[in-house]
file run.txt (compact mmCIF, C-alpha atoms)
# COMPACT_ATOMS: atom_id res chain seq x y z
CA MET A 1146 55.38 107.00 50.94
CA ASP A 1147 56.83 104.76 48.30
CA ALA A 1148 54.37 105.41 45.48
CA SER A 1149 56.52 104.21 42.61
CA PRO A 1150 55.53 100.93 40.94
CA ALA A 1151 57.96 98.18 41.54
CA GLY A 1152 60.36 97.62 38.69
CA ASP A 1153 59.49 100.87 36.87
CA PRO A 1154 62.78 102.64 36.15
CA ARG A 1155 61.09 105.80 34.94
CA THR A 1156 59.78 106.77 38.34
CA GLU A 1157 63.09 106.36 40.16
CA GLU A 1158 63.65 110.10 39.95
CA VAL A 1159 61.01 110.54 42.67
CA ASP A 1160 62.56 108.23 45.26
CA PRO A 1161 65.28 110.56 46.62
CA ARG A 1162 62.70 113.27 47.06
CA SER A 1163 60.39 110.91 48.98
CA GLU A 1164 63.19 109.76 51.24
CA GLU A 1165 64.14 113.34 51.92
CA GLU A 1166 60.57 114.19 52.86
CA GLU A 1167 60.37 111.21 55.12
CA ARG A 1168 63.63 112.20 56.73
CA LEU A 1169 62.39 115.74 57.30
CA LEU A 1170 59.19 114.41 58.81
CA VAL A 1171 61.08 112.13 61.16
CA LEU A 1172 63.39 114.97 62.15
CA ALA A 1173 60.43 117.23 62.82
CA SER A 1174 58.75 114.54 64.88
CA VAL A 1175 61.86 113.95 66.94
CA VAL A 1176 62.39 117.66 67.56
CA SER A 1177 58.76 118.07 68.47
CA ALA A 1178 58.89 115.13 70.86
CA VAL A 1179 62.04 116.45 72.51
CA VAL A 1180 60.61 119.93 72.94
CA THR A 1181 57.40 118.49 74.35
CA ALA A 1182 59.32 116.25 76.76
CA VAL A 1183 61.53 119.11 77.91
CA GLU A 1184 58.50 121.28 78.52
CA ALA A 1185 56.89 118.45 80.53
CA VAL A 1186 60.02 117.99 82.61
CA ARG A 1187 60.25 121.72 83.20
CA GLN A 1188 56.70 121.89 84.40
CA ASP A 1189 57.25 118.83 86.56
CA VAL A 1190 60.32 120.40 88.20
CA GLN A 1191 58.49 123.67 88.71
CA HIS A 1192 55.64 121.76 90.30
CA SER A 1193 58.02 119.78 92.56
CA LEU A 1194 59.63 123.03 93.68
CA GLY A 1195 56.23 124.35 94.68
CA ARG A 1196 56.03 126.96 91.98
CA SER A 1197 53.02 127.44 89.79
CA PRO A 1198 54.03 126.45 86.28
CA ALA A 1199 54.58 129.44 84.03
CA PRO A 1200 52.35 129.54 80.92
CA PRO A 1201 54.26 128.35 77.89
CA PRO A 1202 55.17 131.13 75.42
CA ALA A 1203 52.87 131.63 72.46
CA TRP A 1204 55.69 130.91 70.03
CA SER A 1205 59.41 130.31 69.96
CA PRO A 1206 62.02 129.95 67.18
CA PRO A 1207 62.08 126.15 67.42
CA ASP A 1208 58.27 126.02 67.18
CA VAL A 1209 58.31 128.13 64.05
CA VAL A 1210 60.96 125.95 62.45
CA ILE A 1211 59.08 122.82 63.39
CA GLY A 1212 55.85 124.21 62.02
CA LEU A 1213 57.50 125.10 58.75
CA LEU A 1214 59.10 121.70 58.44
CA VAL A 1215 55.96 119.80 59.26
CA GLY A 1216 53.77 121.97 57.02
CA ALA A 1217 56.09 121.72 54.08
CA THR A 1218 56.51 118.03 54.53
CA SER A 1219 52.82 117.29 54.82
CA ARG A 1220 51.97 119.42 51.77
CA ALA A 1221 54.66 117.79 49.72
CA THR A 1222 53.58 114.37 50.85
CA THR A 1223 49.95 115.03 50.02
CA ALA A 1224 50.76 116.40 46.58
CA GLY A 1225 53.10 113.55 45.81
CA THR A 1226 50.59 110.95 46.87
CA VAL A 1227 47.77 112.48 44.77
CA VAL A 1228 49.85 112.99 41.65
CA LEU A 1229 51.52 109.61 41.74
CA GLY A 1230 48.29 107.84 42.62
CA ALA A 1231 46.52 109.40 39.65
CA LEU A 1232 49.40 108.69 37.36
CA ARG A 1233 49.90 105.13 38.45
CA PRO A 1234 47.33 103.46 36.04
CA VAL A 1235 48.50 105.33 33.02
CA ALA A 1236 52.04 106.08 34.06
CA ALA A 1237 53.68 104.10 31.34
CA ILE A 1238 51.72 105.88 28.56
CA ALA A 1239 51.10 109.24 30.12
CA VAL A 1240 54.70 110.12 30.91
CA ARG A 1241 55.80 109.19 27.43
CA PRO A 1242 52.93 109.79 24.93
CA PRO A 1243 53.96 108.13 21.69
CA LEU A 1244 52.64 110.92 19.42
CA LEU A 1245 54.37 113.87 21.02
CA PRO A 1246 57.96 114.95 20.57
CA GLU A 1247 60.24 114.10 23.51
CA ARG A 1248 60.58 117.66 24.68
CA LEU A 1249 56.79 117.71 25.23
CA HIS A 1250 56.78 114.41 27.18
CA PRO A 1251 55.63 114.79 30.75
CA ILE A 1252 58.64 112.79 31.82
CA THR A 1253 60.80 115.60 30.58
CA TRP A 1254 58.98 118.00 32.84
CA ILE A 1255 59.21 115.59 35.77
CA GLN A 1256 62.94 115.21 35.30
CA ALA A 1257 63.35 118.96 35.16
CA THR A 1258 61.33 119.30 38.37
CA GLY A 1259 63.49 116.61 39.99
CA ARG A 1260 66.64 118.47 39.11
CA GLN A 1261 65.10 121.63 40.51
CA GLY A 1262 64.20 119.81 43.73
CA ARG A 1263 67.72 118.43 44.04
CA ALA A 1264 69.11 121.94 43.68
CA TYR A 1265 66.68 123.13 46.34
CA ARG A 1266 67.78 120.33 48.65
CA SER A 1267 71.42 121.37 48.28
CA ARG A 1268 70.33 124.79 49.50
CA VAL A 1269 68.38 123.36 52.45
CA ASP A 1270 71.31 121.38 53.90
CA PRO A 1271 73.32 124.47 54.91
CA LEU A 1272 70.12 125.90 56.33
CA LEU A 1273 69.71 122.84 58.55
CA GLN A 1274 73.30 123.13 59.67
CA THR A 1275 72.50 126.61 60.86
CA VAL A 1276 69.15 125.83 62.41
CA VAL A 1277 69.95 122.55 64.21
CA PRO A 1278 72.73 123.87 66.48
CA SER A 1279 70.60 126.82 67.58
CA LEU A 1280 67.72 124.40 68.11
CA VAL A 1281 69.90 122.10 70.27
CA ALA A 1282 71.20 125.10 72.21
CA ALA A 1283 67.63 126.22 72.89
CA ILE A 1284 66.76 122.70 74.09
CA LEU A 1285 69.76 122.54 76.39
CA ASP A 1286 68.84 125.94 77.83
CA ARG A 1287 65.51 124.50 78.85
CA ILE A 1288 66.92 121.37 80.50
CA ASP A 1289 67.63 121.48 84.22
CA ILE A 1290 70.70 119.25 84.42
CA GLY A 1291 70.64 119.39 88.21
CA ALA A 1292 67.12 117.96 88.33
CA ILE A 1293 68.12 115.17 85.94
CA VAL A 1294 71.21 114.31 87.98
CA ALA A 1295 69.10 114.31 91.12
CA ARG A 1296 66.96 111.59 89.60
CA LEU A 1297 69.98 109.39 88.87
CA ASP A 1298 71.03 106.67 91.28
CA ILE A 1299 74.75 107.39 91.31
CA GLY A 1300 75.39 104.54 93.74
CA ALA A 1301 73.88 101.99 91.36
CA ILE A 1302 75.97 103.34 88.49
CA VAL A 1303 79.15 103.24 90.52
CA ALA A 1304 78.31 99.71 91.68
CA GLN A 1305 78.47 98.60 88.06
CA VAL A 1306 82.02 99.91 87.67
CA ASP A 1307 84.70 97.26 88.22
CA ILE A 1308 87.27 99.23 90.19
CA ASP A 1309 89.51 96.17 90.50
CA SER A 1310 89.92 95.82 86.74
CA ILE A 1311 90.74 99.53 86.46
CA VAL A 1312 93.33 99.29 89.22
CA ALA A 1313 94.74 96.11 87.68
CA ASN A 1314 95.53 98.08 84.52
CA VAL A 1315 97.38 100.78 86.47
CA ASP A 1316 101.15 100.36 86.53
CA ILE A 1317 101.81 101.03 90.22
CA ASP A 1318 105.54 100.47 89.78
CA ALA A 1319 105.71 103.21 87.17
CA VAL A 1320 103.87 105.56 89.50
CA LEU A 1321 106.17 104.72 92.37
CA ALA A 1322 109.21 105.13 90.15
CA ARG A 1323 108.24 108.75 89.66
CA ILE A 1324 108.16 109.36 93.40
CA ASP A 1325 111.40 110.14 95.22
CA MET A 1326 110.76 107.90 98.21
CA ALA A 1327 114.15 108.55 99.78
CA SER A 1328 113.68 112.31 100.00
CA ILE A 1329 110.14 111.85 101.32
CA ALA A 1330 111.43 109.48 103.99
CA ARG A 1331 114.17 111.95 104.92
CA GLU A 1332 111.66 114.76 105.24
CA VAL A 1333 109.36 112.63 107.37
CA VAL A 1334 112.19 111.59 109.68
CA TYR A 1335 113.32 115.19 109.91
CA GLU A 1336 109.83 116.40 110.74
CA ILE A 1337 109.01 113.81 113.39
CA ASP A 1338 112.45 113.94 115.11
CA LEU A 1339 112.94 110.19 115.22
CA PRO A 1340 115.91 110.17 117.64
CA GLU A 1341 113.85 112.09 120.17
CA ILE A 1342 111.02 109.55 119.87
CA ILE A 1343 113.48 106.71 120.37
CA ARG A 1344 114.99 108.37 123.41
CA VAL A 1345 111.57 108.87 124.98
CA SER A 1346 110.21 105.44 124.08
CA THR A 1347 113.24 103.54 125.34
CA GLY A 1348 113.50 105.53 128.53
CA ILE A 1349 117.00 106.85 127.93
CA VAL A 1350 117.59 110.02 129.86
CA THR A 1351 120.68 111.17 128.09
CA SER A 1352 120.92 114.88 127.86
CA GLU A 1353 123.47 116.51 125.63
CA ALA A 1354 125.64 117.10 128.68
CA VAL A 1355 125.71 113.40 129.58
CA VAL A 1356 126.49 112.45 125.99
CA GLY A 1357 129.31 114.96 126.02
CA VAL A 1358 130.76 113.61 129.25
CA ARG A 1359 130.62 110.05 127.95
CA MET A 1360 132.26 110.94 124.64
CA GLN A 1361 134.99 112.88 126.41
CA GLY A 1362 135.52 109.88 128.68
CA ILE A 1363 135.95 107.59 125.69
CA GLN A 1364 138.40 109.99 124.06
CA ALA A 1365 140.36 110.33 127.32
CA ASP A 1366 140.48 106.53 127.61
CA GLU A 1367 141.90 106.30 124.11
CA ARG A 1368 144.50 108.96 124.85
CA VAL A 1369 145.65 107.35 128.09
CA ASN A 1370 145.81 103.97 126.41
CA ARG A 1371 148.08 105.34 123.69
CA ILE A 1372 150.36 107.05 126.20
CA VAL A 1373 150.70 103.94 128.37
CA ASP A 1374 151.24 101.69 125.37
CA ARG A 1375 153.98 104.02 124.12
CA ILE A 1376 155.70 104.03 127.51
CA LEU A 1377 155.55 100.26 127.64
CA ALA A 1378 156.73 100.05 124.04
CA ARG A 1379 153.73 97.92 123.31
CA ARG A 1380 153.07 97.08 119.72
CA GLY A 1381 149.63 96.58 118.31
CA ALA A 1382 146.30 97.82 119.49
CA ARG A 1383 144.63 96.71 122.69
CA LYS A 1384 142.17 93.84 122.43
CA THR A 1385 139.23 95.46 124.12
CA ALA A 1386 136.46 93.42 122.51
CA ALA A 1387 134.45 91.94 125.36
CA PRO A 1388 132.65 88.63 125.06
CA THR A 1389 129.07 88.87 123.92
CA PRO A 1390 126.18 86.47 124.52
CA THR A 1391 126.25 85.42 120.86
CA GLY A 1392 130.04 85.48 120.55
CA ALA A 1393 129.78 88.10 117.79
CA ASP A 1394 132.45 90.70 117.40
CA ASN A 1395 131.03 94.19 117.26
CA GLY A 1396 133.68 95.24 114.81
CA ALA A 1397 135.06 98.07 116.89
CA PRO A 1398 138.36 99.67 115.91
CA ASN A 1399 140.30 98.41 118.91
CA MET B 845 121.15 88.74 114.05
CA VAL B 846 121.82 92.38 113.49
CA PRO B 847 124.64 93.66 115.76
CA ARG B 848 123.18 95.68 118.54
CA THR B 849 124.87 98.91 117.59
CA GLU B 850 123.72 98.70 113.96
CA ARG B 851 120.04 98.73 114.81
CA LEU B 852 118.04 101.90 114.90
CA SER B 853 119.18 103.34 118.20
CA ALA B 854 119.63 106.54 120.12
CA VAL B 855 123.38 106.03 120.45
CA PRO B 856 125.22 108.78 118.56
CA THR B 857 127.07 107.63 115.50
CA ALA B 858 130.46 108.56 116.93
CA ALA B 859 129.94 106.35 119.98
CA ARG B 860 128.56 103.29 118.21
CA PRO B 861 131.92 101.65 117.37
CA TYR B 862 132.82 101.62 121.07
CA GLN B 863 129.65 99.89 122.27
CA GLY B 864 130.51 96.51 123.75
CA GLN B 865 134.24 97.32 124.03
CA ARG B 866 136.02 97.27 127.38
CA ALA B 867 136.20 100.74 128.85
CA GLY B 868 139.42 102.60 129.58
CA ILE B 869 140.83 103.85 132.82
CA VAL B 870 139.50 107.42 132.72
CA THR B 871 135.86 106.49 132.26
CA ARG B 872 136.05 103.79 134.91
CA ILE B 873 137.70 106.03 137.47
CA ALA B 874 135.08 108.68 136.78
CA ALA B 875 132.34 106.15 137.33
CA SER B 876 134.04 104.97 140.52
CA VAL B 877 134.26 108.55 141.80
CA VAL B 878 130.53 108.97 141.24
CA ASP B 879 129.92 105.70 143.09
CA VAL B 880 132.13 106.84 145.97
CA LEU B 881 130.09 110.03 146.16
CA VAL B 882 126.89 108.00 146.23
CA ILE B 883 128.27 105.83 149.01
CA ALA B 884 129.40 108.93 150.91
CA LEU B 885 125.91 110.40 150.60
CA VAL B 886 124.36 107.21 151.93
CA MET B 887 126.84 107.20 154.83
CA CYS B 888 126.01 110.81 155.64
CA ALA B 889 122.36 109.92 155.67
CA LEU B 890 123.03 106.95 157.93
CA TYR B 891 125.05 109.05 160.39
CA ALA B 892 122.33 111.69 160.35
CA VAL B 893 119.67 109.09 161.13
CA VAL B 894 121.75 107.57 163.92
CA THR B 895 122.47 110.98 165.42
CA GLY B 896 118.82 111.99 165.17
CA LEU B 897 117.71 108.78 166.84
CA ALA B 898 120.22 109.33 169.65
CA PHE B 899 118.87 112.82 170.15
CA LEU B 900 115.26 111.62 170.20
CA LEU B 901 115.94 108.75 172.56
CA HIS B 902 118.12 110.65 175.04
CA PRO B 903 117.64 114.34 174.44
CA THR B 904 119.10 115.37 177.75
CA ALA B 905 122.22 113.26 177.39
CA PHE B 906 122.71 114.16 173.65
CA HIS B 907 126.06 115.37 172.43
CA VAL B 908 127.55 115.53 168.94
CA PRO B 909 129.11 112.14 168.24
CA SER B 910 132.87 112.14 168.44
CA GLY B 911 135.44 109.53 167.69
CA ILE B 912 133.61 108.12 164.65
CA GLY B 913 136.74 107.88 162.55
CA TRP B 914 137.20 104.23 163.31
CA SER B 915 133.73 103.38 162.07
CA LEU B 916 134.05 105.03 158.63
CA PRO B 917 135.83 102.17 156.77
CA VAL B 918 133.49 99.62 158.28
CA VAL B 919 130.35 101.57 157.40
CA ALA B 920 131.70 102.30 153.94
CA PHE B 921 132.35 98.60 153.44
CA VAL B 922 128.91 97.71 154.72
CA VAL B 923 127.27 100.25 152.43
CA ALA B 924 129.42 99.64 149.35
CA VAL B 925 129.19 95.85 149.15
CA PRO B 926 125.38 95.61 149.00
CA TYR B 927 125.21 98.66 146.74
CA LEU B 928 127.67 97.24 144.24
CA THR B 929 126.33 93.69 144.46
CA LEU B 930 122.73 94.63 143.89
CA SER B 931 123.59 97.13 141.15
CA TRP B 932 125.64 94.66 139.14
CA ARG B 933 123.20 91.81 139.74
CA LEU B 934 120.00 93.72 138.98
CA THR B 935 120.95 96.17 136.23
CA GLY B 936 124.60 95.44 135.51
CA ARG B 937 125.51 99.00 136.36
CA THR B 938 125.96 101.24 139.38
CA TYR B 939 124.86 104.85 139.33
CA GLY B 940 128.33 105.90 138.24
CA ASP B 941 128.28 103.29 135.46
CA GLN B 942 124.87 104.56 134.38
CA LEU B 943 126.13 108.11 134.16
CA LEU B 944 129.26 107.18 132.21
CA GLY B 945 127.52 104.61 130.02
CA LEU B 946 129.22 101.48 131.39
CA ARG B 947 127.99 97.96 132.13
CA VAL B 948 129.59 95.06 133.99
CA VAL B 949 129.24 91.64 132.34
CA ASN B 950 130.53 88.18 133.17
CA TYR B 951 132.76 85.91 131.13
CA GLU B 952 129.87 85.15 128.80
CA GLY B 953 129.07 88.77 128.18
CA ARG B 954 125.88 88.40 130.17
CA GLN B 955 124.62 90.12 133.28
CA MET B 956 126.39 88.85 136.39
CA ARG B 957 124.88 86.29 138.73
CA PHE B 958 124.55 87.03 142.41
CA VAL B 959 127.61 85.16 143.65
CA GLY B 960 129.82 86.68 140.99
CA ALA B 961 128.50 90.14 141.74
CA LEU B 962 129.04 89.64 145.49
CA LEU B 963 132.60 88.39 145.01
CA ARG B 964 133.42 91.30 142.72
CA ALA B 965 131.89 93.80 145.16
CA LEU B 966 133.94 92.34 148.03
CA PHE B 967 137.08 92.37 145.90
CA CYS B 968 136.53 95.99 144.82
CA ALA B 969 135.76 97.09 148.39
CA VAL B 970 138.86 95.40 149.78
CA PHE B 971 141.28 96.26 146.98
CA PRO B 972 140.00 99.31 145.04
CA LEU B 973 143.48 100.01 143.68
CA GLY B 974 143.05 97.00 141.42
CA LEU B 975 141.17 99.35 139.14
CA LEU B 976 144.42 101.02 138.10
CA TRP B 977 145.50 97.86 136.29
CA VAL B 978 143.10 98.89 133.53
CA ALA B 979 145.63 101.43 132.31
CA VAL B 980 148.33 98.78 131.95
CA SER B 981 146.26 95.81 130.89
CA PRO B 982 146.45 95.08 127.15
CA ALA B 983 142.74 94.29 127.31
CA ASN B 984 141.55 97.12 129.58
CA ARG B 985 140.93 94.77 132.50
CA SER B 986 141.30 95.55 136.18
CA VAL B 987 142.72 93.05 138.66
CA GLN B 988 139.16 92.10 139.62
CA ASP B 989 138.27 91.59 135.97
CA VAL B 990 141.29 89.35 135.41
CA VAL B 991 140.61 87.25 138.50
CA LEU B 992 136.84 86.99 138.14
CA ARG B 993 136.80 87.01 134.29
CA THR B 994 134.46 89.98 134.15
CA SER B 995 134.40 92.93 131.78
CA VAL B 996 133.30 96.54 132.05
CA VAL B 997 132.10 97.66 128.65
CA TYR B 998 130.76 100.81 127.06
CA ASP B 999 127.02 100.33 126.76
CA TRP B 1000 124.92 103.43 126.29
CA LEU B 1001 121.69 101.55 125.70
CA PRO B 1002 119.35 101.47 128.67
CA THR B 1003 118.78 97.73 128.89
CA ALA B 1004 120.94 94.68 128.47
CA ASP B 1005 120.48 92.59 125.34

call {"tool": "encode", "arguments": {"input": "run.txt", "output": "structure tokens"}}
result
Amino acid sequence: MDASPAGDPRTEEVDPRSEEEERLLVLASVVSAVVTAVEAVRQDVQHSLGRSPAPPPAWSPPDVVIGLLVGATSRATTAGTVVLGALRPVAAIAVRPPLLPERLHPITWIQATGRQGRAYRSRVDPLLQTVVPSLVAAILDRIDIGAIVARLDIGAIVAQVDIDSIVANVDIDAVLARIDMASIAREVVYEIDLPEIIRVSTGIVTSEAVVGVRMQGIQADERVNRIVDRILARRGARKTAAPTPTGADNGAPN
Amino acid sequence: MVPRTERLSAVPTAARPYQGQRAGIVTRIAASVVDVLVIALVMCALYAVVTGLAFLLHPTAFHVPSGIGWSLPVVAFVVAVPYLTLSWRLTGRTYGDQLLGLRVVNYEGRQMRFVGALLRALFCAVFPLGLLWVAVSPANRSVQDVVLRTSVVYDWLPTAD
């Protein structure tokens, strides 16, 4: 594509145009390859599902755009190659004939054409911004994401993920600090009726009536003790703490 | 070691401070009444068995036993001493103690040994009025407790520590 002689500053006006053409050609090739690949995948999926592949449509908006891009690019490339190839031997003299005034120099015409092309390119960029999104949308409409995902080995992908390093970066303490553990524990104890479980597991058969009788007995003991102590004019509380196997005092009030 | 009453337990909060303390006179008399009832039931069963056997052995000569008054104290003694001895030796509590949440322990605070339990059972059977000393004692001890260095404590937990 680069038809300009090395070190010739007068032909530099052509280079941006050539790069733009090359870029358009590459873009067209990529779009074409993508559309072709999508069509192949679609037919493959249809075939795997046991359906006879539907005939491809005669034309579609992306095809038209691609055709225009490729046609324009190839024509421009051909013209550029022919013109520059013919001009190359006599470029130095032909573009600037010494006998003609400067306004009649071919280089003047070439520069004017370059400016015109640059102006045209500035108009094409917005066009591409309009065409490319619709083109991508059309491609995505044709892709069966489910079939692609079905081809993926999710297990192998997950196996590459280092869960430990992710967990190591998580601040567990901060997470726990946001949880009201005390209220959760209270709710759990309330729901499971812990005292009932203890009573059953330890074999205590203490109904509410028995507990009541025992508590009333203790209270009656206390009352009688106070009465007797008052009659006997006894000072100080009774020392009712019984010896324990460990010698520990249970810390009872009496 | 965590004190027994401070562990997770089924003992109501109001009763926990009294666990391990010597019991007062009312609770102990109530327990003794229950034990007397138990002994009376056993005696009734014994008399029923004896009467039934007499009827089966000599049906023709059977008559309702009379003049058994003299045998009551003896039978009661014979029933009460093994009952009390085995209860205090094996579980530390009679049925009345179980109902009222009491336990009999020795001078170490441990479950009584057989000889101690037998001596205490004999003492209680011979001199039950010694129980009344609990009301006067500054340490809630009966005469038997003072002599044999035993204690009757509130203990609502099912097993000894």

call {"tool": "axis_aligned_box", "arguments": {"input": "run.txt", "around": "segment 855-868 of chain B", "padding_each_side": "5 Å", "output": "AutoDock Vina command-line options"}}
result
--center_x 131.4 --center_y 102.6 --center_z 122.5 --size_x 26.0 --size_y 22.3 --size_z 24.1

call {"tool": "residues_around", "arguments": {"input": "run.txt", "residues": "segment 932-947 of chain B", "least_positions_apart": "4", "cutoff": "9 Å", "atoms": "all atoms listed in the file", "output": "JSON list (two decimals) with C-alpha atoms, in the frame of the given file"}}
result
[["chain", "number", "residue", "atom", "x", "y", "z"],
["A", 1351, "THR", "CA", 120.68, 111.17, 128.09],
["A", 1355, "VAL", "CA", 125.71, 113.40, 129.58],
["A", 1356, "VAL", "CA", 126.49, 112.45, 125.99],
["A", 1358, "VAL", "CA", 130.76, 113.61, 129.25],
["A", 1359, "ARG", "CA", 130.62, 110.05, 127.95],
["A", 1360, "MET", "CA", 132.26, 110.94, 124.64],
["A", 1362, "GLY", "CA", 135.52, 109.88, 128.68],
["B", 864, "GLY", "CA", 130.51, 96.51, 123.75],
["B", 866, "ARG", "CA", 136.02, 97.27, 127.38],
["B", 867, "ALA", "CA", 136.20, 100.74, 128.85],
["B", 871, "THR", "CA", 135.86, 106.49, 132.26],
["B", 872, "ARG", "CA", 136.05, 103.79, 134.91],
["B", 874, "ALA", "CA", 135.08, 108.68, 136.78],
["B", 875, "ALA", "CA", 132.34, 106.15, 137.33],
["B", 876, "SER", "CA", 134.04, 104.97, 140.52],
["B", 877, "VAL", "CA", 134.26, 108.55, 141.80],
["B", 878, "VAL", "CA", 130.53, 108.97, 141.24],
["B", 879, "ASP", "CA", 129.92, 105.70, 143.09],
["B", 880, "VAL", "CA", 132.13, 106.84, 145.97],
["B", 882, "VAL", "CA", 126.89, 108.00, 146.23],
["B", 927, "TYR", "CA", 125.21, 98.66, 146.74],
["B", 928, "LEU", "CA", 127.67, 97.24, 144.24],
["B", 954, "ARG", "CA", 125.88, 88.40, 130.17],
["B", 955, "GLN", "CA", 124.62, 90.12, 133.28],
["B", 956, "MET", "CA", 126.39, 88.85, 136.39],
["B", 957, "ARG", "CA", 124.88, 86.29, 138.73],
["B", 958, "PHE", "CA", 124.55, 87.03, 142.41],
["B", 959, "VAL", "CA", 127.61, 85.16, 143.65],
["B", 960, "GLY", "CA", 129.82, 86.68, 140.99],
["B", 961, "ALA", "CA", 128.50, 90.14, 141.74],
["B", 962, "LEU", "CA", 129.04, 89.64, 145.49],
["B", 965, "ALA", "CA", 131.89, 93.80, 145.16],
["B", 995, "SER", "CA", 134.40, 92.93, 131.78],
["B", 996, "VAL", "CA", 133.30, 96.54, 132.05],
["B", 997, "VAL", "CA", 132.10, 97.66, 128.65],
["B", 998, "TYR", "CA", 130.76, 100.81, 127.06],
["B", 999, "ASP", "CA", 127.02, 100.33, 126.76],
["B", 1000, "TRP", "CA", 124.92, 103.43, 126.29],
["B", 1001, "LEU", "CA", 121.69, 101.55, 125.70],
["B", 1002, "PRO", "CA", 119.35, 101.47, 128.67],
["B", 1003, "THR", "CA", 118.78, 97.73, 128.89],
["B", 1004, "ALA", "CA", 120.94, 94.68, 128.47]]

call {"tool": "closest_residue", "arguments": {"input": "run.txt", "among": "B:Pro861, B:Pro909, B:Gly896, B:Pro856", "to": "chain A", "atoms": "all atoms listed in the file"}}
result
B:Pro861

call {"tool": "atom_distance", "arguments": {"input": "run.txt", "atom1": "atom CA of Leu976 of chain B", "atom2": "atom CA of Ile869 of chain B"}}
result
7.0 Å

call {"tool": "atom_distance", "arguments": {"input": "run.txt", "atom1": "atom CA of Pro1246 of chain A", "atom2": "atom CA of Gly1262 of chain A"}}
result
24.5 Å

call {"tool": "atom_distance", "arguments": {"input": "run.txt", "atom1": "atom CA of Asp989 of chain B", "atom2": "atom CA of Arg1371 of chain A"}}
result
20.9 Å

call {"tool": "closest_residue", "arguments": {"input": "run.txt", "among": "B:Tyr951, B:Tyr891, B:Phe906, B:Phe899", "to": "chain A", "atoms": "all atoms listed in the file"}}
result
B:Tyr951

call {"tool": "residues_around", "arguments": {"input": "run.txt", "residues": "segment 915-925 of chain B", "least_positions_apart": "4", "cutoff": "7 Å", "atoms": "all atoms listed in the file", "output": "ChimeraX atom specification"}}
result
/B:883,887,929,965-966,969

call {"tool": "residues_near_point", "arguments": {"input": "run.txt", "point": "(146.0, 99.7, 129.4)", "cutoff": "8 Å", "atoms": "all atoms listed in the file", "output": "PyMOL selection string"}}
result
(chain A and resi 1369-1370+1373-1374+1383) or (chain B and resi 868-869+977-985)

call {"tool": "write_last_selection", "arguments": {"input": "run.txt", "atoms": "C-alpha atoms", "output": "mmCIF file, in the coordinates of the input"}}
result
data_model
loop_
_atom_site.group_PDB
_atom_site.id
_atom_site.type_symbol
_atom_site.label_atom_id
_atom_site.label_comp_id
_atom_site.auth_asym_id
_atom_site.auth_seq_id
_atom_site.Cartn_x
_atom_site.Cartn_y
_atom_site.Cartn_z
ATOM 1 C CA VAL A 1369 145.650 107.350 128.090
ATOM 2 C CA ASN A 1370 145.810 103.970 126.410
ATOM 3 C CA VAL A 1373 150.700 103.940 128.370
ATOM 4 C CA ASP A 1374 151.240 101.690 125.370
ATOM 5 C CA ARG A 1383 144.630 96.710 122.690
ATOM 6 C CA GLY B 868 139.420 102.600 129.580
ATOM 7 C CA ILE B 869 140.830 103.850 132.820
ATOM 8 C CA TRP B 977 145.500 97.860 136.290
ATOM 9 C CA VAL B 978 143.100 98.890 133.530
ATOM 10 C CA ALA B 979 145.630 101.430 132.310
ATOM 11 C CA VAL B 980 148.330 98.780 131.950
ATOM 12 C CA SER B 981 146.260 95.810 130.890
ATOM 13 C CA PRO B 982 146.450 95.080 127.150
ATOM 14 C CA ALA B 983 142.740 94.290 127.310
ATOM 15 C CA ASN B 984 141.550 97.120 129.580
ATOM 16 C CA ARG B 985 140.930 94.770 132.500
#

call {"tool": "closest_residue", "arguments": {"input": "run.txt", "among": "B:Leu963, B:Val990, B:Val870, B:Ala858", "to": "Leu930 of chain B", "atoms": "all atoms listed in the file"}}
result
B:Leu963

call {"tool": "decode", "arguments": {"input": "run.txt", "residues": "segment 967-974 of chain B", "atoms": "N, CA and C atoms", "output": "PDB file, in the first residue's frame"}}
result
ATOM      1  N   PHE B 967     -30.390 -43.976 113.714  1.00  0.00           N
ATOM      2  CA  PHE B 967     -30.586 -42.835 114.607  1.00  0.00           C
ATOM      3  C   PHE B 967     -31.931 -42.163 114.331  1.00  0.00           C
ATOM      4  N   CYS B 968     -32.228 -41.973 113.030  1.00  0.00           N
ATOM      5  CA  CYS B 968     -33.483 -41.307 112.659  1.00  0.00           C
ATOM      6  C   CYS B 968     -34.691 -42.181 113.033  1.00  0.00           C
ATOM      7  N   ALA B 969     -34.538 -43.506 112.878  1.00  0.00           N
ATOM      8  CA  ALA B 969     -35.660 -44.398 113.186  1.00  0.00           C
ATOM      9  C   ALA B 969     -35.917 -44.441 114.692  1.00  0.00           C
ATOM     10  N   VAL B 970     -34.847 -44.381 115.468  1.00  0.00           N
ATOM     11  CA  VAL B 970     -34.993 -44.459 116.925  1.00  0.00           C
ATOM     12  C   VAL B 970     -35.429 -43.118 117.498  1.00  0.00           C
ATOM     13  N   PHE B 971     -34.879 -42.043 116.997  1.00  0.00           N
ATOM     14  CA  PHE B 971     -35.125 -40.718 117.579  1.00  0.00           C
ATOM     15  C   PHE B 971     -35.522 -39.727 116.488  1.00  0.00           C
ATOM     16  N   PRO B 972     -36.691 -39.877 115.892  1.00  0.00           N
ATOM     17  CA  PRO B 972     -37.098 -38.966 114.795  1.00  0.00           C
ATOM     18  C   PRO B 972     -37.276 -37.535 115.257  1.00  0.00           C
ATOM     19  N   LEU B 973     -37.521 -37.318 116.554  1.00  0.00           N
ATOM     20  CA  LEU B 973     -37.723 -35.947 117.030  1.00  0.00           C
ATOM     21  C   LEU B 973     -36.449 -35.101 116.915  1.00  0.00           C
ATOM     22  N   GLY B 974     -35.327 -35.773 116.716  1.00  0.00           N
ATOM     23  CA  GLY B 974     -34.077 -35.024 116.552  1.00  0.00           C
ATOM     24  C   GLY B 974     -34.140 -34.080 115.358  1.00  0.00           C
TER      25      GLY B 974
END
